[in-house]
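Novice: First, the structure itself, so that you have it in front of you.
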Amino acid sequence: MSPKDRGVSFFATNMNIKSGQIYNENCTATLARMPDNFIDMVITSPPYDGLRTYNGYAFDFETLVPLLYEKMKSGGVAVWVISDATVNGCETGTSFRQALHFINCGFNLHDTMIYHKRNPMPTAGNRYHQNFEYMFAFSKGAPKTFHPVMEATKYRGLANMKNRGTAGTLVYKKVERTTEKKVGNVFSYSIGGGISTKDKVAYGHPAIFPEALASDQIKTWSSESDLVYDPFMGSGTTAKVAHLLKRQWIGSEISAEYVEIATKRLALYTNAPLNSTNASHA
Ligand SMILES: C[S@@+](CC[C@H](N)C(=O)[O-])C[C@H]1O[C@@H](n2cnc3c(N)ncnc32)[C@H](O)[C@@H]1O
């Protein structure tokens with residue numbers, strides 16, 4: 001078995017890259033040090049449309065996606081949380097353009113999920129309030145892991161199942177209804193101070209995503225001990241949730257200021273019991 005297939009033990013033998021680290025650098029530099037077929041899952045919200053300058057840092061999207069493809073394991077899933085800005089009266093279409101680039105680089109667009117904000121910032125003018133972002137789930141081949149978020153079914157007890165018998169007559173059968181079903185692909189979250197996270201230090205970053213979102217996606221597309229990578233780690237949401245869910249994780253963040261915020265935030269949890277998180281889909 002080659003080192004890259006050995007999972008956890010690989011980290012001990014590779015001096016270039018370690019799990020449980022946020023690398024203060026351009027994400028393409030971190031990826032370049034990873035072996036191929038290394039990452040089980042990516043979850044991230046990239047900077048887009050120059051909406052925020054994040055201390056002036058930008059990233060080269062065109063170069064990043066083929067690198068991600070190379071470094072992800074077959075069956076790995078990348079969840080890309082993104083929206084569009086409106087410029088001169090027109091939505092930029094960045095989300096769709098990026099999705100098409102992922103497809104051109106070999107990924108499957110496996111599931112276009114929606115991150116619905118229950119309490120969005122009101123928007124002025126003759127448009128409806130912008131209350132969602134895309135959560136594109138791109139996969140390298142068929143996803144190797146799928147633990148869907150479930151919800152209780154409405155009806156209980158026996159249901160009538162109708163089937164055509166071999167003679168063409170209708171045959172009725174009583175079957176026990178299931179008690180749970182997969183949720184739909186629109187995920188709703190409340191957001192904002194004290195809700196997206198309870199960690200006050202995280203709000204030093206201007207654009208965190210809710211811990212509940214990270215938790216739902218990480219649970220769905222990865223298993224314990226899998227390696228989760230966030231190329232745009234920001235305040236450390238992915239790292240914290242991955243840690244609490246017993247995944248290995250690696251992050252990149254180009255701003256030293258945000259790395260410091262994430263490091264302070266993680267220090268609150270790295271000695272805490274690993275089997276709880278305040279994040280859950282609701
Ligand atoms: C939308 S924020 C991510 C927020 C994060 N999901 C959280 O919950 O805190 C995007 C981050 O990408 C960082 N960034 C921008 N260009 C980068 C690059 N080339 N490599 C790594 N990080 C970069 C920014 O500094 C910013 O913190």
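Letters A, B, ... go to the chains of the structure tokens in the order shown; residues in each chain start at 1; ligands are counted from 1 in the same order.
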Once you count only C-alpha atoms and all ligand atoms, what closest atom pair and distance in Å to one decimal does each residue of chain A within 6 Å of ligand 1 have, with rows by chain and rising residue number, as JSON lines?
Specialist:
{"residue": "A:Glu25", "atom": "CA", "partner": "ligand 1", "partner_atom_place_in_ligand_line": "21 (C)", "distance": 6.0}
{"residue": "A:Asn26", "atom": "CA", "partner": "ligand 1", "partner_atom_place_in_ligand_line": "20 (N)", "distance": 3.6}
{"residue": "A:Cys27", "atom": "CA", "partner": "ligand 1", "partner_atom_place_in_ligand_line": "20 (N)", "distance": 4.0}
{"residue": "A:Thr44", "atom": "CA", "partner": "ligand 1", "partner_atom_place_in_ligand_line": "6 (N)", "distance": 5.6}
{"residue": "A:Ser45", "atom": "CA", "partner": "ligand 1", "partner_atom_place_in_ligand_line": "1 (C)", "distance": 4.8}
{"residue": "A:Pro46", "atom": "CA", "partner": "ligand 1", "partner_atom_place_in_ligand_line": "10 (C)", "distance": 4.9}
{"residue": "A:Pro47", "atom": "CA", "partner": "ligand 1", "partner_atom_place_in_ligand_line": "10 (C)", "distance": 4.8}
{"residue": "A:Tyr54", "atom": "CA", "partner": "ligand 1", "partner_atom_place_in_ligand_line": "25 (O)", "distance": 4.6}
{"residue": "A:Tyr57", "atom": "CA", "partner": "ligand 1", "partner_atom_place_in_ligand_line": "16 (N)", "distance": 4.8}
{"residue": "A:Ala58", "atom": "CA", "partner": "ligand 1", "partner_atom_place_in_ligand_line": "16 (N)", "distance": 4.3}
{"residue": "A:Phe59", "atom": "CA", "partner": "ligand 1", "partner_atom_place_in_ligand_line": "19 (N)", "distance": 3.8}
{"residue": "A:Ala207", "atom": "CA", "partner": "ligand 1", "partner_atom_place_in_ligand_line": "1 (C)", "distance": 5.2}
{"residue": "A:Ile208", "atom": "CA", "partner": "ligand 1", "partner_atom_place_in_ligand_line": "8 (O)", "distance": 3.3}
{"residue": "A:Phe209", "atom": "CA", "partner": "ligand 1", "partner_atom_place_in_ligand_line": "8 (O)", "distance": 4.1}
{"residue": "A:Pro231", "atom": "CA", "partner": "ligand 1", "partner_atom_place_in_ligand_line": "21 (C)", "distance": 5.6}
{"residue": "A:Phe232", "atom": "CA", "partner": "ligand 1", "partner_atom_place_in_ligand_line": "12 (O)", "distance": 3.9}
{"residue": "A:Met233", "atom": "CA", "partner": "ligand 1", "partner_atom_place_in_ligand_line": "5 (C)", "distance": 5.1}
{"residue": "A:Gly234", "atom": "CA", "partner": "ligand 1", "partner_atom_place_in_ligand_line": "27 (O)", "distance": 3.5}
{"residue": "A:Ser235", "atom": "CA", "partner": "ligand 1", "partner_atom_place_in_ligand_line": "9 (O)", "distance": 3.6}
{"residue": "A:Gly236", "atom": "CA", "partner": "ligand 1", "partner_atom_place_in_ligand_line": "9 (O)", "distance": 5.3}
{"residue": "A:Thr237", "atom": "CA", "partner": "ligand 1", "partner_atom_place_in_ligand_line": "8 (O)", "distance": 4.5}
{"residue": "A:Ser252", "atom": "CA", "partner": "ligand 1", "partner_atom_place_in_ligand_line": "21 (C)", "distance": 5.1}
{"residue": "A:Glu253", "atom": "CA", "partner": "ligand 1", "partner_atom_place_in_ligand_line": "22 (N)", "distance": 3.8}
{"residue": "A:Ile254", "atom": "CA", "partner": "ligand 1", "partner_atom_place_in_ligand_line": "22 (N)", "distance": 4.1}
{"residue": "A:Ser255", "atom": "CA", "partner": "ligand 1", "partner_atom_place_in_ligand_line": "25 (O)", "distance": 4.9}
Novice: Identify, with DSSP run on backbone atoms, the residues in segment 92-174 of chain A assigned to strand (DSSP E or B), and express the list as a PyMOL selection string.
Specialist: chain A and resi 108-117+132-139+150-152+158-164+170-174
Novice: Using only C-alpha atoms for the distances, tell me which of A:Tyr134, A:Phe61, A:Tyr229, A:Tyr23 is nearest to Asp49 of chain A.
Specialist: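 For Asp49 of chain A, the nearest of the candidates is A:Phe61.
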Novice: Figure out the distance between atom CA of Ser190 of chain A and atom CA of Gly76 of chain A, please, to one decimal in Å.
Specialist: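 Between atom CA of Gly76 of chain A and atom CA of Ser190 of chain A the gap works out to 28.2 Å.
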Novice: As a list in words, please: the residues near Ile195 of chain A (cut-off 12 Å, only C-alpha atoms, same-chain neighbours under 4 positions excluded).
Specialist: Lys117, Arg118, Asn119, Tyr189, Ser190, Ile191, Asp199, Lys200, Ala202, Tyr203, Ile208, Phe209, Pro210, Glu211, Ala212, Leu213, Asn278, Ala279 and Ser280 of chain A
Novice: Would you output that residue set with C-alpha atoms, as a JSON list (two decimals), in the first residue's frame?
Specialist:
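Produced file out22.json, reproduced below:
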[["chain", "number", "residue", "atom", "x", "y", "z"],
["A", 117, "LYS", "CA", -31.12, 31.92, 5.42],
["A", 118, "ARG", "CA", -34.12, 32.24, 7.68],
["A", 119, "ASN", "CA", -33.19, 35.78, 8.68],
["A", 189, "TYR", "CA", -30.38, 28.02, 9.03],
["A", 190, "SER", "CA", -30.74, 31.03, 11.26],
["A", 191, "ILE", "CA", -27.63, 33.18, 11.11],
["A", 199, "ASP", "CA", -17.69, 31.58, 19.89],
["A", 200, "LYS", "CA", -17.43, 35.36, 20.26],
["A", 202, "ALA", "CA", -15.12, 34.13, 15.50],
["A", 203, "TYR", "CA", -17.02, 37.35, 14.82],
["A", 208, "ILE", "CA", -18.46, 33.05, 8.77],
["A", 209, "PHE", "CA", -20.81, 30.26, 7.77],
["A", 210, "PRO", "CA", -23.02, 28.61, 10.42],
["A", 211, "GLU", "CA", -21.55, 25.69, 12.35],
["A", 212, "ALA", "CA", -24.79, 23.82, 11.72],
["A", 213, "LEU", "CA", -24.18, 24.02, 7.95],
["A", 278, "ASN", "CA", -23.88, 22.54, 19.23],
["A", 279, "ALA", "CA", -24.49, 22.28, 15.49],
["A", 280, "SER", "CA", -27.52, 20.49, 14.09]]
Novice: Pick out each residue of segment 69-267 of chain A that DSSP on the backbone tags as alpha helix (DSSP H); I need them as a count of residues only.
Specialist: 45
Novice: Hey, what's within 10 Å of Val171 of chain A if we count only C-alpha atoms and toss same-chain stuff fewer than 4 positions away? As a list in words, please?
Specialist: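 Counting only C-alpha atoms, the residues come to Asn160, Met161, Lys162, Asn163, Arg164, Gly165 and Thr166 of chain A.
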Novice: Store the residues picked out above, limited to N, CA and C atoms, as an mmCIF file, in the first residue's frame.
Specialist:
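Result saved to part.cif:
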data_model
loop_
_atom_site.group_PDB
_atom_site.id
_atom_site.type_symbol
_atom_site.label_atom_id
_atom_site.label_comp_id
_atom_site.auth_asym_id
_atom_site.auth_seq_id
_atom_site.Cartn_x
_atom_site.Cartn_y
_atom_site.Cartn_z
ATOM 1 N N ASN A 160 -51.246 0.861 2.094
ATOM 2 C CA ASN A 160 -51.656 -0.039 1.009
ATOM 3 C C ASN A 160 -50.669 0.080 -0.142
ATOM 4 N N MET A 161 -50.023 -1.017 -0.542
ATOM 5 C CA MET A 161 -49.125 -1.001 -1.705
ATOM 6 C C MET A 161 -49.849 -1.670 -2.863
ATOM 7 N N LYS A 162 -49.868 -0.982 -4.013
ATOM 8 C CA LYS A 162 -50.574 -1.518 -5.171
ATOM 9 C C LYS A 162 -49.546 -2.041 -6.170
ATOM 10 N N ASN A 163 -49.716 -3.254 -6.660
ATOM 11 C CA ASN A 163 -48.796 -3.839 -7.648
ATOM 12 C C ASN A 163 -49.579 -4.554 -8.733
ATOM 13 N N ARG A 164 -49.043 -4.608 -9.941
ATOM 14 C CA ARG A 164 -49.673 -5.437 -10.985
ATOM 15 C C ARG A 164 -49.155 -6.857 -10.833
ATOM 16 N N GLY A 165 -50.070 -7.820 -10.659
ATOM 17 C CA GLY A 165 -49.679 -9.222 -10.588
ATOM 18 C C GLY A 165 -49.300 -9.740 -11.965
ATOM 19 N N THR A 166 -48.811 -10.981 -12.043
ATOM 20 C CA THR A 166 -48.355 -11.527 -13.334
ATOM 21 C C THR A 166 -49.499 -11.618 -14.349
#
Novice: How many Å lie between atom CA of Pro148 of chain A and atom CA of Cys105 of chain A, rounded to one decimal?
Specialist: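 Interatomic distance, atom CA of Pro148 of chain A to atom CA of Cys105 of chain A: 26.4 Å.
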Novice: Measure the distance from atom CA of Asp230 of chain A to atom CA of Gly251 of chain A in Å and round it to one decimal.
Specialist: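 Between atom CA of Asp230 of chain A and atom CA of Gly251 of chain A the gap works out to 4.8 Å.
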Novice: What's the 12 Å shell around Ala267 of chain A, counting only C-alpha atoms, without same-chain residues fewer than 4 positions away, as a ChimeraX atom specification?
Specialist: /A:20,199,201,236,239-240,243,260-263,271-272
Novice: Keeping C-alpha atoms, export the residues of the selection given above as an mmCIF file, in the first residue's frame.
Specialist:
data_model
loop_
_atom_site.group_PDB
_atom_site.id
_atom_site.type_symbol
_atom_site.label_atom_id
_atom_site.label_comp_id
_atom_site.auth_asym_id
_atom_site.auth_seq_id
_atom_site.Cartn_x
_atom_site.Cartn_y
_atom_site.Cartn_z
ATOM 1 C CA GLY A 20 -4.882 19.605 12.609
ATOM 2 C CA ASP A 199 -17.695 31.584 19.890
ATOM 3 C CA VAL A 201 -13.887 35.409 18.901
ATOM 4 C CA GLY A 236 -11.937 28.151 11.636
ATOM 5 C CA ALA A 239 -11.751 22.973 11.673
ATOM 6 C CA LYS A 240 -13.816 23.254 14.843
ATOM 7 C CA HIS A 243 -12.602 18.225 15.201
ATOM 8 C CA GLU A 260 -4.979 34.061 14.774
ATOM 9 C CA ILE A 261 -8.758 34.256 15.260
ATOM 10 C CA ALA A 262 -9.180 30.615 14.202
ATOM 11 C CA THR A 263 -6.332 29.492 16.462
ATOM 12 C CA ASN A 271 -9.018 19.869 24.961
ATOM 13 C CA ALA A 272 -12.800 19.455 25.191
#
Novice: Within 6 Å of segment 63-71 of chain A, counting only C-alpha atoms, which residues show up once you throw out same-chain ones fewer than 3 positions away? Write them as a PyMOL selection string, please.
Specialist: chain A and resi 36-38+60+105
Novice: Please list as a PDB file with N, CA and C atoms, in the first residue's frame every residue within 8 Å of segment 86-100 of chain A, counting only C-alpha atoms and excluding residues in the same chain fewer than 3 positions away.
Specialist:
ATOM      1  N   TYR A  48     -15.775  35.716  -3.292  1.00  0.00           N
ATOM      2  CA  TYR A  48     -16.304  35.796  -4.664  1.00  0.00           C
ATOM      3  C   TYR A  48     -16.681  37.228  -5.018  1.00  0.00           C
ATOM      4  N   ASP A  49     -16.533  37.534  -6.294  1.00  0.00           N
ATOM      5  CA  ASP A  49     -16.978  38.806  -6.868  1.00  0.00           C
ATOM      6  C   ASP A  49     -16.423  40.035  -6.147  1.00  0.00           C
ATOM      7  N   ILE A  82     -21.473  29.304  -2.212  1.00  0.00           N
ATOM      8  CA  ILE A  82     -21.209  30.498  -3.032  1.00  0.00           C
ATOM      9  C   ILE A  82     -22.499  31.195  -3.436  1.00  0.00           C
ATOM     10  N   SER A  83     -22.370  32.488  -3.714  1.00  0.00           N
ATOM     11  CA  SER A  83     -23.507  33.273  -4.192  1.00  0.00           C
ATOM     12  C   SER A  83     -22.992  34.251  -5.245  1.00  0.00           C
ATOM     13  N   ILE A 103     -17.152  21.203 -13.494  1.00  0.00           N
ATOM     14  CA  ILE A 103     -17.537  20.103 -14.398  1.00  0.00           C
ATOM     15  C   ILE A 103     -16.462  19.933 -15.484  1.00  0.00           C
ATOM     16  N   ASN A 104     -15.997  21.057 -16.037  1.00  0.00           N
ATOM     17  CA  ASN A 104     -14.959  20.989 -17.088  1.00  0.00           C
ATOM     18  C   ASN A 104     -13.669  20.369 -16.568  1.00  0.00           C
ATOM     19  N   LEU A 109     -21.257  17.389 -11.006  1.00  0.00           N
ATOM     20  CA  LEU A 109     -22.108  18.255 -10.174  1.00  0.00           C
ATOM     21  C   LEU A 109     -23.149  17.320  -9.581  1.00  0.00           C
ATOM     22  N   TYR A 134     -25.836  29.060  -2.868  1.00  0.00           N
ATOM     23  CA  TYR A 134     -25.711  27.693  -3.370  1.00  0.00           C
ATOM     24  C   TYR A 134     -24.763  26.903  -2.479  1.00  0.00           C
ATOM     25  N   PHE A 136     -22.994  23.856  -3.773  1.00  0.00           N
ATOM     26  CA  PHE A 136     -22.771  22.861  -4.822  1.00  0.00           C
ATOM     27  C   PHE A 136     -21.972  21.696  -4.218  1.00  0.00           C
TER      28      PHE A 136
END
